[in-house]
Amino acid sequence: MKTYGIICEYNPFHNGHIYQIEETKKQTGATHIVAIMSGNYVQRGEPALMDKFKRAEIAVKNGVDLVIEMPVQYCLANAELFARCGVMLLGSLRCVEGISFGSESGSIDQLKECADAVMAVTTPENLKPLLEQGMPFPDAVHQLVTYKYGPLVGDVLNSPNNILAVEYLKSLKILGLMDKIQPFTVKREGAAHDGEEHSGNIASGEYIRRLIDDGEDFSAFVPKDTADAINEYDDKELLCWFENFERILMYRLRTISPQELATVPDVGQGLENRIFQAARMSGTLEQLLNAIKVKRYPMARIKRILLNTLFGIKSEDLKAPPMYGRILALNDRGTEILKMAGSLPEDKFSIPFSSSLKDFVDSNKENPRAMRSIGMTTVSSDIYTLGARNIRPSGMDFTAKIAYEKLEGFVSELPADLKTTAHAGTVEQVNKERAAEAAAKKAAKEAKKDDSAEESKEN
C-alpha cells in the first residue's frame, strides 16, 4: 500500500485530472490516492459549479480513492494558506507517503530551489518598501526572487501552477513533513491554467466552464461521469454561478460597517472603505467588482473577500489549523487508507476523520474554535443552495449521503462507522484518554451482561 495525496478543486473534474492521477500512479508506484478537495467554493473566489458531494463522487469514480473536504475558510484563502491547510490535512492522515501536483515546470529540483528562494526573501524588511509603493504581494515576491536569485529562478513564479507548487513545497518544509511526504510533480500538458485553448482532449477548467456557460459542447474534455452530472444539473437548473449571489452580496455589504469589513481576510490598507463605498454606489455585481478593483488587488482576491464577508469569516479564523477531516466520498481502497490512518500512533497533526458532520458537532460542543469552523461550513453550504436558478433546500451538510464506490475484487462492505479517531495532546494525555475510553467500553460491556442476567432470572 502506497498512498499519495492531491490537493484539488475538481471544478469540474476533467481529463487533465485523470492524466495527473494516472501519471502519479505510473511514475511513483502509488496504489492509493487521497484528494483534499475544496468544498462548495474555490480559491478563485467563486462557488463551485456543482456541489462538493457530487464532485467528490465523480472523483471516486475516476481514480481517486478517498476525498476529504478542505474547510471553507481555507478554500477562500490566499495560495499560501490554501496550500498549508491541504498539506496539514494530508499529514494528519499519517499514512500519506507523497503529494502530487501539476506544474508548468515539471522539475521538482527547480521548484524546490524557487521555494527556498521565496522563503529567504519574504521578510518584512524586504517586502515593506515594495508594498508601500502599492505593488501587489505576488509581484513584490517575484521581483525580490528575480533580483537576488536571477531570472531563471524568478521566472518559475510567472506560472500559476508553479506558484501553488512552490507553496506546497514551502508548507512541507515549514511543517517538517518533507522527509515524510515526498513531493512529485506532473508537468502540465496541453492547455494552460485558465487558458482559452485546448490540446487534444485536455482543456483547463476555466475553458470548460466557459463552454458550459455558453451552452457549447464540452464532452470531449471530461469523463462521462462529469458530462452526465453537468447535463443533469443543467437540466434541473442547479449549476451554481457567482453572479447569482448578486443581491445577497449587495445586501450583506450594505449592512456591514467598515470596521467589521476590516476583520475579513485579505482586507487591509483601507480596502474596507473602498468596499463600503462601492457597495453604496453600485447597482450591479459587475459595477461593484469594477469599483473595488485596482492593480494592487487581483479580481480573485476581491471575490474571496466578498464571499468571506458573506459567510462571516474573519482573519482570526485562519489562525486555527483544521481540527477534523470530513469525508465526502470513498471506495474500498479509501477504507484501507482510513483503517491505516486509524491504526497509526497519534502525533501533533492527528485529527479525527468522519463522514458525518454530526460526529464533529457532538464531540466538539465544548470547543468554540471547532464549533465555529463547523458553523462556517454549514452557513456557506446553505448559502450555496441560493446560487442556482432553482433554489435548493438547506441542510446539505447533514442530509447528503456520501458516495461509496465498490471495487471489483474487494469483499468488504461499507463500514457502518466511517471514521477514524485521533487524540490530540501529550503522550500522557493521549494515554489517559485511551485508558478512559477502554474503561468506559468495559463498563458498558459489563452492564450489558448484568442486564442480560437479570432478564434471564425474570424469565
# chains A, B, ... in the order shown; residues from 1 in each chain; ligands from 1
>>> residues_around(residues="Ala278 (chain A)", least_positions_apart="6", cutoff="8 Å", atoms="only C-alpha atoms", output="mmCIF file with C-alpha atoms, in the first residue's frame")
data_model
loop_
_atom_site.group_PDB
_atom_site.id
_atom_site.type_symbol
_atom_site.label_atom_id
_atom_site.label_comp_id
_atom_site.auth_asym_id
_atom_site.auth_seq_id
_atom_site.Cartn_x
_atom_site.Cartn_y
_atom_site.Cartn_z
ATOM 1 C CA LEU A 288 -19.316 46.555 -7.624
ATOM 2 C CA ALA A 291 -15.457 49.852 -8.410
ATOM 3 C CA ILE A 292 -13.331 47.879 -5.946
#
>>> residues_around(residues="Val118 (chain A)", least_positions_apart="2", cutoff="10 Å", atoms="only C-alpha atoms", output="ChimeraX atom specification")
/A:112-116,120-123,141-142,144-146,149,153-154,157,166-167,170
>>> write_last_selection(atoms="N, CA and C atoms", output="JSON list (two decimals), in the first residue's frame")
[["chain", "number", "residue", "atom", "x", "y", "z"],
["A", 112, "LYS", "N", 11.87, 23.34, -5.93],
["A", 112, "LYS", "CA", 12.44, 23.42, -4.59],
["A", 112, "LYS", "C", 13.38, 24.62, -4.47],
["A", 113, "GLU", "N", 14.17, 24.84, -5.51],
["A", 113, "GLU", "CA", 15.09, 25.98, -5.50],
["A", 113, "GLU", "C", 14.31, 27.28, -5.38],
["A", 114, "CYS", "N", 13.20, 27.37, -6.11],
["A", 114, "CYS", "CA", 12.38, 28.57, -6.07],
["A", 114, "CYS", "C", 11.70, 28.72, -4.71],
["A", 115, "ALA", "N", 11.22, 27.61, -4.14],
["A", 115, "ALA", "CA", 10.57, 27.66, -2.84],
["A", 115, "ALA", "C", 11.54, 28.16, -1.77],
["A", 116, "ASP", "N", 12.78, 27.67, -1.82],
["A", 116, "ASP", "CA", 13.80, 28.13, -0.86],
["A", 116, "ASP", "C", 14.07, 29.62, -1.04],
["A", 120, "ALA", "N", 13.40, 32.72, 1.64],
["A", 120, "ALA", "CA", 14.53, 33.56, 2.06],
["A", 120, "ALA", "C", 14.24, 35.05, 1.91],
["A", 121, "VAL", "N", 13.49, 35.42, 0.85],
["A", 121, "VAL", "CA", 13.31, 36.86, 0.57],
["A", 121, "VAL", "C", 12.06, 37.46, 1.20],
["A", 122, "THR", "N", 11.08, 36.63, 1.57],
["A", 122, "THR", "CA", 9.81, 37.17, 2.07],
["A", 122, "THR", "C", 9.91, 37.51, 3.55],
["A", 123, "THR", "N", 10.71, 38.51, 3.83],
["A", 123, "THR", "CA", 10.82, 39.05, 5.18],
["A", 123, "THR", "C", 10.16, 40.42, 5.21],
["A", 141, "VAL", "N", 7.16, 39.65, -4.33],
["A", 141, "VAL", "CA", 7.94, 38.43, -4.12],
["A", 141, "VAL", "C", 8.70, 38.07, -5.39],
["A", 142, "HIS", "N", 8.00, 38.15, -6.52],
["A", 142, "HIS", "CA", 8.63, 37.83, -7.81],
["A", 142, "HIS", "C", 9.84, 38.73, -8.06],
["A", 144, "LEU", "N", 11.70, 40.35, -5.86],
["A", 144, "LEU", "CA", 12.77, 40.07, -4.92],
["A", 144, "LEU", "C", 13.53, 38.79, -5.30],
["A", 145, "VAL", "N", 12.78, 37.75, -5.67],
["A", 145, "VAL", "CA", 13.43, 36.49, -6.06],
["A", 145, "VAL", "C", 14.28, 36.69, -7.31],
["A", 146, "THR", "N", 13.74, 37.40, -8.28],
["A", 146, "THR", "CA", 14.48, 37.63, -9.52],
["A", 146, "THR", "C", 15.76, 38.43, -9.26],
["A", 149, "TYR", "N", 18.14, 36.01, -6.93],
["A", 149, "TYR", "CA", 18.48, 34.65, -7.38],
["A", 149, "TYR", "C", 18.52, 34.50, -8.90],
["A", 153, "VAL", "N", 15.26, 31.56, -11.81],
["A", 153, "VAL", "CA", 14.50, 31.17, -10.61],
["A", 153, "VAL", "C", 13.23, 32.01, -10.53],
["A", 154, "GLY", "N", 13.35, 33.30, -10.80],
["A", 154, "GLY", "CA", 12.18, 34.18, -10.72],
["A", 154, "GLY", "C", 11.09, 33.83, -11.71],
["A", 157, "LEU", "N", 7.90, 31.76, -11.02],
["A", 157, "LEU", "CA", 6.72, 32.37, -10.40],
["A", 157, "LEU", "C", 5.82, 33.07, -11.41],
["A", 166, "VAL", "N", 5.10, 25.75, -5.50],
["A", 166, "VAL", "CA", 6.06, 26.35, -4.57],
["A", 166, "VAL", "C", 5.46, 26.44, -3.17],
["A", 167, "GLU", "N", 4.17, 26.78, -3.09],
["A", 167, "GLU", "CA", 3.52, 26.87, -1.78],
["A", 167, "GLU", "C", 3.40, 25.50, -1.12],
["A", 170, "LYS", "N", 6.87, 24.79, 0.23],
["A", 170, "LYS", "CA", 7.11, 25.62, 1.42],
["A", 170, "LYS", "C", 6.40, 25.02, 2.63]]
>>> residues_around(residues="Phe184 (chain A)", least_positions_apart="2", cutoff="10 Å", atoms="only C-alpha atoms", output="list in words")
Tyr4, Gly5, Thr24, Gln27, Thr28, Gly98, Ile99, Ser100, Phe101, Gly102, Ser103, Gly106, Ser107, Ile108, Ala165, Ile181, Gln182, Val186 and Lys187 of chain A
>>> write_last_selection(atoms="N, CA and C atoms", output="JSON list (two decimals), in the first residue's frame")
[["chain", "number", "residue", "atom", "x", "y", "z"],
["A", 4, "TYR", "N", -0.64, 8.36, -2.08],
["A", 4, "TYR", "CA", -0.24, 9.72, -2.48],
["A", 4, "TYR", "C", -1.44, 10.65, -2.37],
["A", 5, "GLY", "N", -1.18, 11.90, -2.05],
["A", 5, "GLY", "CA", -2.23, 12.88, -1.90],
["A", 5, "GLY", "C", -2.22, 13.91, -3.01],
["A", 24, "THR", "N", 0.74, 9.87, -11.76],
["A", 24, "THR", "CA", 1.20, 9.72, -10.38],
["A", 24, "THR", "C", 1.36, 8.24, -10.03],
["A", 27, "GLN", "N", 4.35, 6.72, -12.26],
["A", 27, "GLN", "CA", 5.72, 7.15, -12.00],
["A", 27, "GLN", "C", 6.17, 6.99, -10.55],
["A", 28, "THR", "N", 5.22, 6.88, -9.62],
["A", 28, "THR", "CA", 5.60, 6.75, -8.20],
["A", 28, "THR", "C", 5.30, 5.38, -7.63],
["A", 98, "GLY", "N", 3.33, 10.59, -0.19],
["A", 98, "GLY", "CA", 3.75, 11.59, -1.17],
["A", 98, "GLY", "C", 2.61, 12.51, -1.54],
["A", 99, "ILE", "N", 2.96, 13.64, -2.13],
["A", 99, "ILE", "CA", 1.98, 14.59, -2.64],
["A", 99, "ILE", "C", 2.27, 14.84, -4.11],
["A", 100, "SER", "N", 1.22, 14.81, -4.91],
["A", 100, "SER", "CA", 1.35, 15.03, -6.35],
["A", 100, "SER", "C", 0.66, 16.34, -6.72],
["A", 101, "PHE", "N", 1.33, 17.13, -7.55],
["A", 101, "PHE", "CA", 0.73, 18.38, -8.01],
["A", 101, "PHE", "C", 1.22, 18.69, -9.41],
["A", 102, "GLY", "N", 0.40, 19.40, -10.16],
["A", 102, "GLY", "CA", 0.78, 19.79, -11.50],
["A", 102, "GLY", "C", 1.66, 21.03, -11.47],
["A", 103, "SER", "N", 2.45, 21.22, -12.50],
["A", 103, "SER", "CA", 3.27, 22.43, -12.61],
["A", 103, "SER", "C", 3.66, 22.63, -14.06],
["A", 106, "GLY", "N", 7.58, 21.17, -14.20],
["A", 106, "GLY", "CA", 7.81, 19.73, -14.33],
["A", 106, "GLY", "C", 9.06, 19.24, -13.63],
["A", 107, "SER", "N", 9.77, 20.15, -12.94],
["A", 107, "SER", "CA", 11.03, 19.79, -12.27],
["A", 107, "SER", "C", 10.92, 20.07, -10.78],
["A", 108, "ILE", "N", 10.97, 19.01, -9.97],
["A", 108, "ILE", "CA", 10.93, 19.18, -8.51],
["A", 108, "ILE", "C", 12.13, 19.99, -8.03],
["A", 165, "ALA", "N", 2.63, 25.06, -6.60],
["A", 165, "ALA", "CA", 3.62, 24.01, -6.32],
["A", 165, "ALA", "C", 4.66, 24.51, -5.32],
["A", 181, "ILE", "N", 6.54, 13.11, 3.53],
["A", 181, "ILE", "CA", 5.68, 13.21, 2.35],
["A", 181, "ILE", "C", 6.53, 13.69, 1.17],
["A", 182, "GLN", "N", 6.81, 12.79, 0.25],
["A", 182, "GLN", "CA", 7.69, 13.11, -0.88],
["A", 182, "GLN", "C", 6.93, 13.87, -1.96],
["A", 186, "VAL", "N", 3.68, 16.57, -11.80],
["A", 186, "VAL", "CA", 3.31, 16.16, -13.15],
["A", 186, "VAL", "C", 3.36, 17.41, -14.02],
["A", 187, "LYS", "N", 4.17, 17.38, -15.05],
["A", 187, "LYS", "CA", 4.27, 18.55, -15.93],
["A", 187, "LYS", "C", 2.93, 18.77, -16.61]]
>>> select_by_dssp(residues="region 159-232 of chain A", states="strand (DSSP E or B)", output="list of chain:residue names")
A:Gln182, A:Pro183, A:Phe184, A:Thr185, A:Val186, A:Lys187, A:His198, A:Ser199, A:Ile202, A:Ala203
>>> select_by_dssp(residues="region 184-259 of chain A", states="alpha helix (DSSP H)", output="PyMOL selection string")
chain A and resi 205-213+224-235+246-253+258-259
>>> atom_distance(atom1="CA of Gly325 (chain A)", atom2="CA of Pro352 (chain A)")
6.3 Å
>>> closest_residue(among="A:Asp235, A:Glu97, A:Asp155, A:Glu206", to="Arg44 (chain A)", atoms="only C-alpha atoms")
A:Glu206
>>> residues_around(residues="Leu76 (chain A)", least_positions_apart="3", cutoff="12 Å", atoms="only C-alpha atoms", output="MDAnalysis selection string")
chainID A and resid 9 38:48 70:73 79:83 85 264:266 300:311 313:315 317:318 376:377 380
>>> atom_distance(atom1="CA of Gly312 (chain A)", atom2="CA of Ser373 (chain A)")
11.1 Å
>>> closest_residue(among="A:Met371, A:Glu23, A:Arg296, A:Gly270", to="Phe137 (chain A)", atoms="only C-alpha atoms")
A:Arg296
>>> residues_around(residues="Leu285 (chain A)", least_positions_apart="2", cutoff="8 Å", atoms="only C-alpha atoms", output="list in words")
Glu243, Glu246, Met250, Ser282, Gly283, Gln287, Leu288 and Leu289 of chain A
>>> closest_residue(among="A:Phe353, A:Leu261, A:Arg188, A:Gln110", to="Ile337 (chain A)", atoms="only C-alpha atoms")
A:Phe353
